[in-house]
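Engineer: One file is attached below, input-v7.tsv, containing TSV, C-alpha atoms.
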chain	number	residue	atom	x	y	z
A	1236	MET	CA	76.98	-80.52	95.36
A	1237	ALA	CA	80.60	-80.75	96.52
A	1238	GLN	CA	82.47	-84.01	95.98
A	1239	ASP	CA	82.61	-84.85	99.69
A	1240	GLU	CA	78.84	-84.42	99.85
A	1241	LYS	CA	78.41	-86.69	96.85
A	1242	VAL	CA	80.58	-89.31	98.53
A	1243	GLN	CA	78.42	-89.17	101.66
A	1244	VAL	CA	75.18	-89.42	99.67
A	1245	ALA	CA	76.58	-92.42	97.78
A	1246	ALA	CA	77.53	-94.11	101.06
A	1247	ASP	CA	74.08	-93.43	102.50
A	1248	ARG	CA	72.42	-94.85	99.39
A	1249	LEU	CA	74.36	-98.10	99.56
A	1250	CYS	CA	73.95	-98.40	103.34
A	1251	ALA	CA	70.18	-98.06	103.00
A	1252	ALA	CA	70.18	-100.82	100.37
A	1253	TYR	CA	72.15	-103.11	102.72
A	1254	GLU	CA	69.75	-102.47	105.56
A	1255	THR	CA	66.45	-102.67	103.68
A	1256	GLY	CA	67.23	-105.15	100.90
A	1257	LYS	CA	65.75	-102.63	98.45
A	1258	PHE	CA	68.36	-102.39	95.74
A	1259	CYS	CA	69.44	-98.93	94.65
A	1260	GLU	CA	70.53	-97.04	91.59
A	1261	PRO	CA	74.23	-96.99	90.68
A	1262	VAL	CA	76.35	-94.46	92.56
A	1263	ARG	CA	78.38	-93.47	89.54
A	1264	ASP	CA	75.77	-90.77	88.92
A	1265	LEU	CA	77.22	-89.13	92.03
A	1266	ILE	CA	80.94	-89.94	91.97
A	1267	GLY	CA	81.53	-90.72	88.30
A	1268	LEU	CA	84.38	-93.16	87.75
A	1269	ASP	CA	86.55	-91.64	90.47
A	1270	LEU	CA	88.21	-94.64	92.14
A	1271	GLY	CA	89.46	-92.59	95.08
A	1272	ALA	CA	85.94	-91.41	95.80
A	1273	ALA	CA	84.66	-94.97	95.45
A	1274	TYR	CA	87.09	-96.22	98.09
A	1275	GLN	CA	86.03	-93.32	100.32
A	1276	VAL	CA	82.43	-94.53	100.05
A	1277	GLN	CA	83.55	-98.06	100.91
A	1278	SER	CA	85.51	-96.77	103.90
A	1279	ILE	CA	82.58	-94.75	105.26
A	1280	ASN	CA	80.32	-97.79	105.34
A	1281	ALA	CA	83.06	-100.06	106.71
A	1282	GLY	CA	83.48	-97.56	109.53
A	1283	ARG	CA	79.75	-97.65	110.22
A	1284	TRP	CA	79.83	-101.43	110.48
A	1285	LEU	CA	82.82	-101.38	112.80
A	1286	GLU	CA	80.99	-98.96	115.07
A	1287	ALA	CA	78.03	-101.35	115.02
A	1288	GLY	CA	80.25	-104.11	116.40
A	1289	ARG	CA	81.33	-106.01	113.30
A	1290	ARG	CA	84.93	-107.26	113.14
A	1291	ILE	CA	87.28	-107.17	110.15
A	1292	VAL	CA	88.98	-110.52	109.46
A	1293	GLY	CA	90.52	-109.93	106.04
A	1294	ARG	CA	90.13	-108.66	102.50
A	1295	LYS	CA	88.73	-109.87	99.20
A	1296	ILE	CA	90.19	-109.16	95.80
A	1297	GLY	CA	87.97	-108.51	92.81
A	1298	LEU	CA	88.45	-107.87	89.10
A	1299	THR	CA	91.26	-110.40	88.81
A	1300	SER	CA	90.02	-111.62	85.43
A	1301	LYS	CA	91.31	-109.81	82.34
A	1302	VAL	CA	87.94	-110.33	80.67
A	1303	VAL	CA	86.09	-108.61	83.52
A	1304	GLN	CA	88.69	-105.81	83.68
A	1305	ASP	CA	88.14	-105.18	79.97
A	1306	GLN	CA	84.37	-105.14	80.49
A	1307	LEU	CA	84.69	-102.44	83.15
A	1308	GLY	CA	87.47	-100.53	81.40
A	1309	VAL	CA	90.11	-100.95	84.09
A	1310	ASP	CA	93.65	-102.33	84.24
A	1311	GLN	CA	93.85	-103.34	87.90
A	1312	PRO	CA	91.99	-105.35	90.53
A	1313	ASP	CA	90.01	-103.88	93.39
A	1314	PHE	CA	89.48	-104.95	97.00
A	1315	GLY	CA	86.87	-105.00	99.72
A	1316	VAL	CA	86.62	-105.77	103.43
A	1317	LEU	CA	85.76	-109.17	104.93
A	1318	PHE	CA	83.91	-109.18	108.24
A	1319	ALA	CA	83.71	-112.13	110.62
A	1320	ASP	CA	79.96	-112.49	110.18
A	1321	MET	CA	80.40	-113.03	106.44
A	1322	GLU	CA	82.11	-116.41	106.90
A	1323	PHE	CA	80.40	-119.80	106.69
A	1324	ALA	CA	81.88	-123.27	107.12
A	1325	ASP	CA	82.08	-126.05	104.56
A	1326	GLY	CA	78.64	-127.63	104.12
A	1327	ASP	CA	76.72	-124.80	105.77
A	1328	THR	CA	73.38	-123.67	104.44
A	1329	VAL	CA	73.52	-119.95	103.75
A	1330	PRO	CA	70.30	-118.04	104.55
A	1331	VAL	CA	69.00	-116.49	101.36
A	1332	GLU	CA	67.94	-113.40	103.31
A	1333	ARG	CA	71.64	-112.71	104.00
A	1334	THR	CA	72.33	-112.39	100.27
A	1335	HIS	CA	71.83	-109.66	97.69
A	1336	GLN	CA	71.36	-110.88	94.10
A	1337	PRO	CA	73.81	-113.70	94.87
A	1338	LYS	CA	76.31	-115.25	92.50
A	1339	ALA	CA	78.92	-117.90	93.33
A	1340	GLU	CA	82.63	-117.87	92.51
A	1341	ALA	CA	85.20	-120.56	93.29
A	1342	GLU	CA	88.41	-119.15	94.74
A	1343	VAL	CA	91.64	-119.90	96.56
A	1344	ALA	CA	91.59	-118.47	100.08
A	1345	LEU	CA	94.86	-117.71	101.85
A	1346	VAL	CA	95.34	-117.21	105.58
A	1347	ILE	CA	98.24	-114.93	106.46
A	1348	GLY	CA	100.52	-116.14	109.22
A	1349	ARG	CA	102.28	-112.88	110.02
A	1350	ALA	CA	101.72	-109.19	109.36
A	1351	LEU	CA	102.77	-107.72	106.01
A	1352	PRO	CA	103.55	-104.03	106.65
A	1353	ALA	CA	105.94	-103.40	103.73
A	1354	ALA	CA	104.64	-101.73	100.57
A	1355	ASP	CA	107.67	-103.10	98.66
A	1356	LEU	CA	106.86	-106.68	99.64
A	1357	THR	CA	108.26	-109.37	97.32
A	1358	LEU	CA	106.54	-112.53	96.19
A	1359	ASN	CA	108.93	-114.58	98.31
A	1360	ASP	CA	108.04	-112.44	101.33
A	1361	LEU	CA	104.37	-113.12	100.72
A	1362	ILE	CA	104.85	-116.86	100.27
A	1363	ALA	CA	106.85	-117.04	103.49
A	1364	ALA	CA	104.06	-115.23	105.34
A	1365	VAL	CA	101.17	-117.42	104.15
A	1366	ASP	CA	100.15	-119.95	106.78
A	1367	HIS	CA	97.88	-122.05	104.59
A	1368	ALA	CA	95.53	-122.18	101.61
A	1369	VAL	CA	92.01	-123.59	101.40
A	1370	PRO	CA	89.28	-123.78	98.75
A	1371	ALA	CA	86.49	-121.24	99.05
A	1372	ILE	CA	83.22	-120.20	97.48
A	1373	GLU	CA	82.59	-116.50	97.53
A	1374	ILE	CA	78.92	-115.52	97.37
A	1375	VAL	CA	79.21	-112.14	95.75
A	1376	GLY	CA	76.37	-109.67	95.86
A	1377	SER	CA	75.32	-106.25	94.68
A	1378	ARG	CA	73.20	-103.68	96.38
A	1379	ILE	CA	72.79	-102.02	93.00
A	1380	ALA	CA	69.70	-103.08	91.10
A	1381	ASN	CA	70.20	-105.62	88.32
A	1382	TRP	CA	73.97	-105.61	88.79
A	1383	ASP	CA	74.13	-102.37	86.77
A	1384	ILE	CA	77.70	-101.64	87.77
A	1385	ARG	CA	80.89	-100.01	86.58
A	1386	ILE	CA	84.20	-99.87	88.41
A	1387	SER	CA	83.26	-97.10	90.84
A	1388	ASP	CA	79.98	-98.81	91.71
A	1389	THR	CA	81.57	-102.12	92.64
A	1390	ILE	CA	84.40	-100.53	94.66
A	1391	ALA	CA	81.95	-98.33	96.56
A	1392	ASP	CA	79.78	-101.39	97.23
A	1393	ASN	CA	82.63	-103.10	99.13
A	1394	ALA	CA	83.88	-104.72	95.91
A	1395	SER	CA	80.47	-106.38	95.46
A	1396	SER	CA	81.18	-108.60	98.44
A	1397	GLY	CA	78.59	-110.69	100.22
A	1398	LEU	CA	79.46	-113.87	102.08
A	1399	TYR	CA	82.04	-116.63	101.77
A	1400	VAL	CA	82.37	-120.32	102.57
A	1401	ILE	CA	85.70	-121.85	103.63
A	1402	GLY	CA	86.57	-125.48	102.85
A	1403	GLY	CA	89.48	-127.64	103.80
A	1404	PRO	CA	91.76	-129.21	104.74
A	1405	LYS	CA	94.39	-126.56	105.35
A	1406	ARG	CA	97.26	-126.89	102.88
A	1407	SER	CA	100.77	-125.49	103.08
A	1408	LEU	CA	101.93	-123.73	99.92
A	1409	ASP	CA	104.83	-126.19	99.71
A	1410	GLY	CA	104.39	-128.25	96.56
A	1411	LEU	CA	101.20	-126.49	95.50
A	1412	ASP	CA	100.89	-125.27	91.91
A	1413	LEU	CA	98.21	-122.65	92.37
A	1414	ALA	CA	98.62	-121.23	88.86
A	1415	GLY	CA	98.05	-124.63	87.28
A	1416	ALA	CA	95.36	-125.79	89.71
A	1417	GLY	CA	92.20	-126.72	87.81
A	1418	MET	CA	88.79	-125.80	89.19
A	1419	VAL	CA	85.35	-127.23	88.57
A	1420	MET	CA	82.28	-125.81	90.28
A	1421	LYS	CA	79.00	-127.73	90.17
A	1422	ARG	CA	75.47	-126.51	90.82
A	1423	ASN	CA	73.10	-129.28	91.87
A	1424	GLY	CA	75.58	-131.82	90.54
A	1425	GLU	CA	76.06	-130.24	87.11
A	1426	PRO	CA	79.30	-128.44	86.13
A	1427	VAL	CA	78.59	-124.72	85.66
A	1428	SER	CA	82.01	-123.07	85.96
A	1429	GLN	CA	85.50	-124.22	85.09
A	1430	GLY	CA	88.88	-122.55	85.18
A	1431	SER	CA	92.27	-122.56	86.85
A	1432	GLY	CA	94.53	-120.48	89.01
A	1433	ALA	CA	96.00	-118.86	85.91
A	1434	ALA	CA	92.70	-116.99	85.43
A	1435	CYS	CA	93.43	-115.03	88.63
A	1436	LEU	CA	96.09	-112.53	87.50
A	1437	GLY	CA	98.13	-115.48	86.27
A	1438	ASN	CA	98.37	-116.94	89.78
A	1439	PRO	CA	96.34	-116.34	92.97
A	1440	LEU	CA	99.62	-115.43	94.67
A	1441	ASN	CA	100.01	-112.51	92.25
A	1442	ALA	CA	96.61	-111.23	93.34
A	1443	ALA	CA	97.53	-111.61	97.01
A	1444	LEU	CA	100.81	-109.77	96.44
A	1445	TRP	CA	98.97	-106.87	94.77
A	1446	LEU	CA	96.59	-106.69	97.73
A	1447	ALA	CA	99.32	-106.85	100.38
A	1448	ARG	CA	101.28	-104.05	98.72
A	1449	LYS	CA	98.15	-101.93	98.22
A	1450	CYS	CA	96.99	-102.33	101.82
A	1451	ALA	CA	100.45	-101.54	103.18
A	1452	ALA	CA	100.69	-98.43	101.01
A	1453	LEU	CA	97.32	-97.27	102.34
A	1454	GLY	CA	98.42	-97.71	105.94
A	1455	MET	CA	96.19	-100.68	106.70
A	1456	PRO	CA	98.48	-103.70	106.19
A	1457	LEU	CA	97.29	-107.27	106.29
A	1458	GLU	CA	97.57	-108.59	109.83
A	1459	ALA	CA	98.43	-112.06	111.08
A	1460	GLY	CA	95.37	-114.26	110.75
A	1461	SER	CA	93.89	-112.27	107.87
A	1462	VAL	CA	91.77	-114.19	105.37
A	1463	VAL	CA	92.39	-113.26	101.74
A	1464	LEU	CA	89.96	-114.27	99.02
A	1465	THR	CA	92.24	-114.07	95.99
A	1466	GLY	CA	89.68	-113.89	93.18
A	1467	ALA	CA	87.60	-116.06	90.90
A	1468	LEU	CA	89.12	-119.00	89.05
A	1469	GLY	CA	86.22	-119.17	86.60
A	1470	PRO	CA	82.97	-117.46	85.66
A	1471	MET	CA	80.59	-116.51	88.46
A	1472	VAL	CA	77.24	-118.28	88.47
A	1473	GLU	CA	73.84	-117.05	89.60
A	1474	MET	CA	72.40	-118.69	92.72
A	1475	VAL	CA	68.73	-119.31	93.46
A	1476	PRO	CA	67.16	-120.63	96.68
A	1477	GLY	CA	67.72	-124.35	97.11
A	1478	ASP	CA	70.85	-124.49	94.96
A	1479	VAL	CA	73.73	-126.70	96.16
A	1480	PHE	CA	77.20	-125.66	95.02
A	1481	GLU	CA	80.40	-127.70	95.19
A	1482	ALA	CA	83.77	-126.36	94.06
A	1483	SER	CA	86.80	-128.60	93.59
A	1484	ILE	CA	90.29	-127.14	93.20
A	1485	ASP	CA	93.24	-129.37	92.33
A	1486	GLY	CA	95.61	-129.74	95.25
A	1487	LEU	CA	93.27	-128.04	97.70
A	1488	GLY	CA	90.12	-130.17	97.85
A	1489	THR	CA	86.46	-129.24	97.81
A	1490	VAL	CA	84.04	-126.84	99.43
A	1491	THR	CA	80.25	-127.13	99.45
A	1492	THR	CA	77.38	-124.85	100.34
A	1493	CYS	CA	73.64	-124.57	99.88
A	1494	LEU	CA	71.47	-121.49	99.54
A	1495	SER	CA	68.38	-121.85	101.71
A	1496	GLY	CA	64.91	-121.97	100.21
A	1497	LYS	CA	62.61	-119.00	100.72
A	1498	ASP	CA	60.31	-120.99	103.01
A	1499	GLU	CA	63.06	-122.32	105.30
As structure tokens, what does this structure read like?

Structural biologist:
Amino acid sequence: MAQDEKVQVAADRLCAAYETGKFCEPVRDLIGLDLGAAYQVQSINAGRWLEAGRRIVGRKIGLTSKVVQDQLGVDQPDFGVLFADMEFADGDTVPVERTHQPKAEAEVALVIGRALPAADLTLNDLIAAVDHAVPAIEIVGSRIANWDIRISDTIADNASSGLYVIGGPKRSLDGLDLAGAGMVMKRNGEPVSQGSGAACLGNPLNAALWLARKCAALGMPLEAGSVVLTGALGPMVEMVPGDVFEASIDGLGTVTTCLSGKDE
């Protein structure tokens, strides 16, 4: 089978898992660890969803933790697409049927105030373009059974994205120490994940700069209004129906969500 055929079969496999909720085998048996092929798979399915009427509102960054990079044998982050229907508001109950083997991560979300078309963007350029930051919980997911993933699997599967919950209030970057910002995430009132901004490539802004440069180089720059989930500040935690999660990030505030019970 030619590589382009393998890419299409991989995309079809993941798309079927999205649509049916029946988790699939890894796609690395088709595309190996070819990152270019993995992003092609991601792009095929993103195109399908756009044709179906979904709307892109931003990007998410994954693999920002050195520990996770080492586990998957990579030396760089990855990214996926955020669609409008993936977003929930602070305090919302997230329907469990919208999730796929869900796990929660606490993150800093940035909203871009103006387009970032330059591939040689500087950190100061990025900071000047950020409109505000807010706390977020990303509900990551995998269409691959038992989270049996390597780097090409997660990229192909839209960077293992699922849903996300945005908190508040909106904060200007002025005076914020995102690298030093401590994070505590609680599940049903008990702390289950702790970390800081330094766990995200040293600073969530570093992750956002990597993404902005990458997207510009690929000809799909971040637009004004784009939401950027910059990456986990601590370990991700499994979610089960009925769980209530609250993440607190120093300087940004808190964000809360609940995963619905199966009988709701």

Engineer: I need the residue nearest His1335 in chain A from this list: A:Ser1387, A:Ser1407, A:Asn1381, A:Asn1441. Use all atoms listed in the file for the distance.

Structural biologist: A:Asn1381

Engineer: Determine the nearest neighbour of Leu1468 in chain A from the options A:Asn1423, A:Thr1299, A:Ser1495, A:Asn1359, counting all atoms listed in the file.

Structural biologist: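 Answer, going by the shortest atom-to-atom distance: A:Thr1299.
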
Engineer: Of the residues A:Ser1431, A:Thr1489, A:Thr1334, A:Thr1357, which is the one nearest to Val1369 in chain A, using only C-alpha atoms?

Structural biologist: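 Smallest distance to Val1369 in chain A is found for A:Thr1489.
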
Engineer: Between A:Leu1453, A:Ala1443, A:Leu1487, A:Leu1436, single out the one closest to Gly1403 in chain A, counting only C-alpha atoms.

Structural biologist: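 When distances to Gly1403 in chain A are compared using only C-alpha atoms, the smallest one comes from A:Leu1487.
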
Engineer: Hey, what's within 10 Å of Pro1470 in chain A if we count only C-alpha atoms and toss same-chain stuff fewer than 4 positions away? As a list in words, please?

Structural biologist: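 Once the nearby chain positions are removed, what remains is Ser1300, Val1303, Lys1338, Ala1339, Glu1340, Ala1341, Met1420, Val1427, Ser1428, Gln1429, Gly1430 and Ala1434 of chain A.
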
Engineer: When you draw a straight line from CA of Ile1347 in chain A to CA of Gly1315 in chain A, how long is it in Å?

Structural biologist: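 Value for the CA of Ile1347 in chain A-CA of Gly1315 in chain A distance: 16.5 Å.
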
Engineer: Could you check the closest approach to Asp1325 in chain A for each of A:Ile1372, A:Ala1391, A:Ala1442, A:Leu1494 and tell me which residue wins, using all atoms listed in the file?

Structural biologist: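 For Asp1325 in chain A, the nearest of the given residues is A:Ile1372.
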
Engineer: Got a sec: who's within 10 Å of range 1236-1238 of chain A, counting all atoms listed in the file, leaving out chain neighbours fewer than 4 positions off, as a list in words?

Structural biologist: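 These residues fall inside the cut-off: Val1242, Gln1243, Val1244, Leu1265, Ile1266 and Ala1272 of chain A.
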
Engineer: Suppose you want the space between CA of Gly1256 in chain A and CA of Arg1333 in chain A; what is it in Å?

Structural biologist: 9.3 Å

Engineer: Which residue is closest to Leu1345 in chain A? Choose from A:Leu1285, A:Leu1413, A:Ala1433, A:Val1463 and count all atoms listed in the file.

Structural biologist: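 That would be A:Val1463, the residue with the smallest distance to Leu1345 in chain A.
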
Engineer: To one decimal in Å, tell me the separation between CA of Leu1444 in chain A and CA of Leu1356 in chain A.

Structural biologist: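 Computing it gives 7.5 Å between the two atoms.
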
Engineer: Please put the answer as JSON: centre and edge lengths, in Å with one decimal, of a box along x, y and z that encloses all listed atoms of range 1470-1476 of chain A plus 6 Å on each side.

Structural biologist:
{"center_x": 75.1, "center_y": -118.6, "center_z": 91.2, "size_x": 27.8, "size_y": 16.1, "size_z": 23.0}

Engineer: Would you kindly place N, CA and C atoms on range 1236-1255 of chain A and return the model as an mmCIF file, in the frame of the given file?

Structural biologist:
data_model
loop_
_atom_site.group_PDB
_atom_site.id
_atom_site.type_symbol
_atom_site.label_atom_id
_atom_site.label_comp_id
_atom_site.auth_asym_id
_atom_site.auth_seq_id
_atom_site.Cartn_x
_atom_site.Cartn_y
_atom_site.Cartn_z
ATOM 1 N N MET A 1236 76.599 -79.763 94.160
ATOM 2 C CA MET A 1236 76.980 -80.520 95.360
ATOM 3 C C MET A 1236 78.482 -80.796 95.328
ATOM 4 N N ALA A 1237 79.155 -80.509 96.424
ATOM 5 C CA ALA A 1237 80.600 -80.750 96.520
ATOM 6 C C ALA A 1237 80.879 -82.249 96.495
ATOM 7 N N GLN A 1238 82.135 -82.600 96.110
ATOM 8 C CA GLN A 1238 82.470 -84.010 95.980
ATOM 9 C C GLN A 1238 82.335 -84.765 97.289
ATOM 10 N N ASP A 1239 82.732 -84.141 98.407
ATOM 11 C CA ASP A 1239 82.610 -84.850 99.690
ATOM 12 C C ASP A 1239 81.147 -85.109 100.040
ATOM 13 N N GLU A 1240 80.265 -84.204 99.634
ATOM 14 C CA GLU A 1240 78.840 -84.420 99.850
ATOM 15 C C GLU A 1240 78.332 -85.564 98.982
ATOM 16 N N LYS A 1241 78.810 -85.616 97.746
ATOM 17 C CA LYS A 1241 78.410 -86.690 96.850
ATOM 18 C C LYS A 1241 78.859 -88.047 97.385
ATOM 19 N N VAL A 1242 80.067 -88.076 97.935
ATOM 20 C CA VAL A 1242 80.580 -89.310 98.530
ATOM 21 C C VAL A 1242 79.677 -89.758 99.675
ATOM 22 N N GLN A 1243 79.283 -88.828 100.526
ATOM 23 C CA GLN A 1243 78.420 -89.170 101.660
ATOM 24 C C GLN A 1243 77.051 -89.651 101.184
ATOM 25 N N VAL A 1244 76.487 -88.996 100.199
ATOM 26 C CA VAL A 1244 75.180 -89.420 99.670
ATOM 27 C C VAL A 1244 75.280 -90.821 99.069
ATOM 28 N N ALA A 1245 76.381 -91.088 98.361
ATOM 29 C CA ALA A 1245 76.580 -92.420 97.780
ATOM 30 C C ALA A 1245 76.666 -93.479 98.879
ATOM 31 N N ALA A 1246 77.411 -93.171 99.945
ATOM 32 C CA ALA A 1246 77.530 -94.110 101.060
ATOM 33 C C ALA A 1246 76.180 -94.355 101.715
ATOM 34 N N ASP A 1247 75.408 -93.295 101.898
ATOM 35 C CA ASP A 1247 74.080 -93.430 102.500
ATOM 36 C C ASP A 1247 73.163 -94.280 101.623
ATOM 37 N N ARG A 1248 73.258 -94.096 100.315
ATOM 38 C CA ARG A 1248 72.420 -94.850 99.390
ATOM 39 C C ARG A 1248 72.712 -96.351 99.489
ATOM 40 N N LEU A 1249 73.989 -96.690 99.490
ATOM 41 C CA LEU A 1249 74.360 -98.100 99.560
ATOM 42 C C LEU A 1249 74.030 -98.688 100.933
ATOM 43 N N CYS A 1250 74.248 -97.920 101.993
ATOM 44 C CA CYS A 1250 73.950 -98.400 103.340
ATOM 45 C C CYS A 1250 72.462 -98.704 103.481
ATOM 46 N N ALA A 1251 71.629 -97.841 102.941
ATOM 47 C CA ALA A 1251 70.180 -98.060 103.000
ATOM 48 C C ALA A 1251 69.804 -99.339 102.256
ATOM 49 N N ALA A 1252 70.471 -99.594 101.129
ATOM 50 C CA ALA A 1252 70.180 -100.820 100.370
ATOM 51 C C ALA A 1252 70.586 -102.060 101.158
ATOM 52 N N TYR A 1253 71.736 -102.001 101.840
ATOM 53 C CA TYR A 1253 72.150 -103.110 102.720
ATOM 54 C C TYR A 1253 71.079 -103.377 103.771
ATOM 55 N N GLU A 1254 70.633 -102.325 104.399
ATOM 56 C CA GLU A 1254 69.750 -102.470 105.560
ATOM 57 C C GLU A 1254 68.330 -102.870 105.187
ATOM 58 N N THR A 1255 67.845 -102.425 104.050
ATOM 59 C CA THR A 1255 66.450 -102.670 103.680
ATOM 60 C C THR A 1255 66.268 -103.806 102.677
#
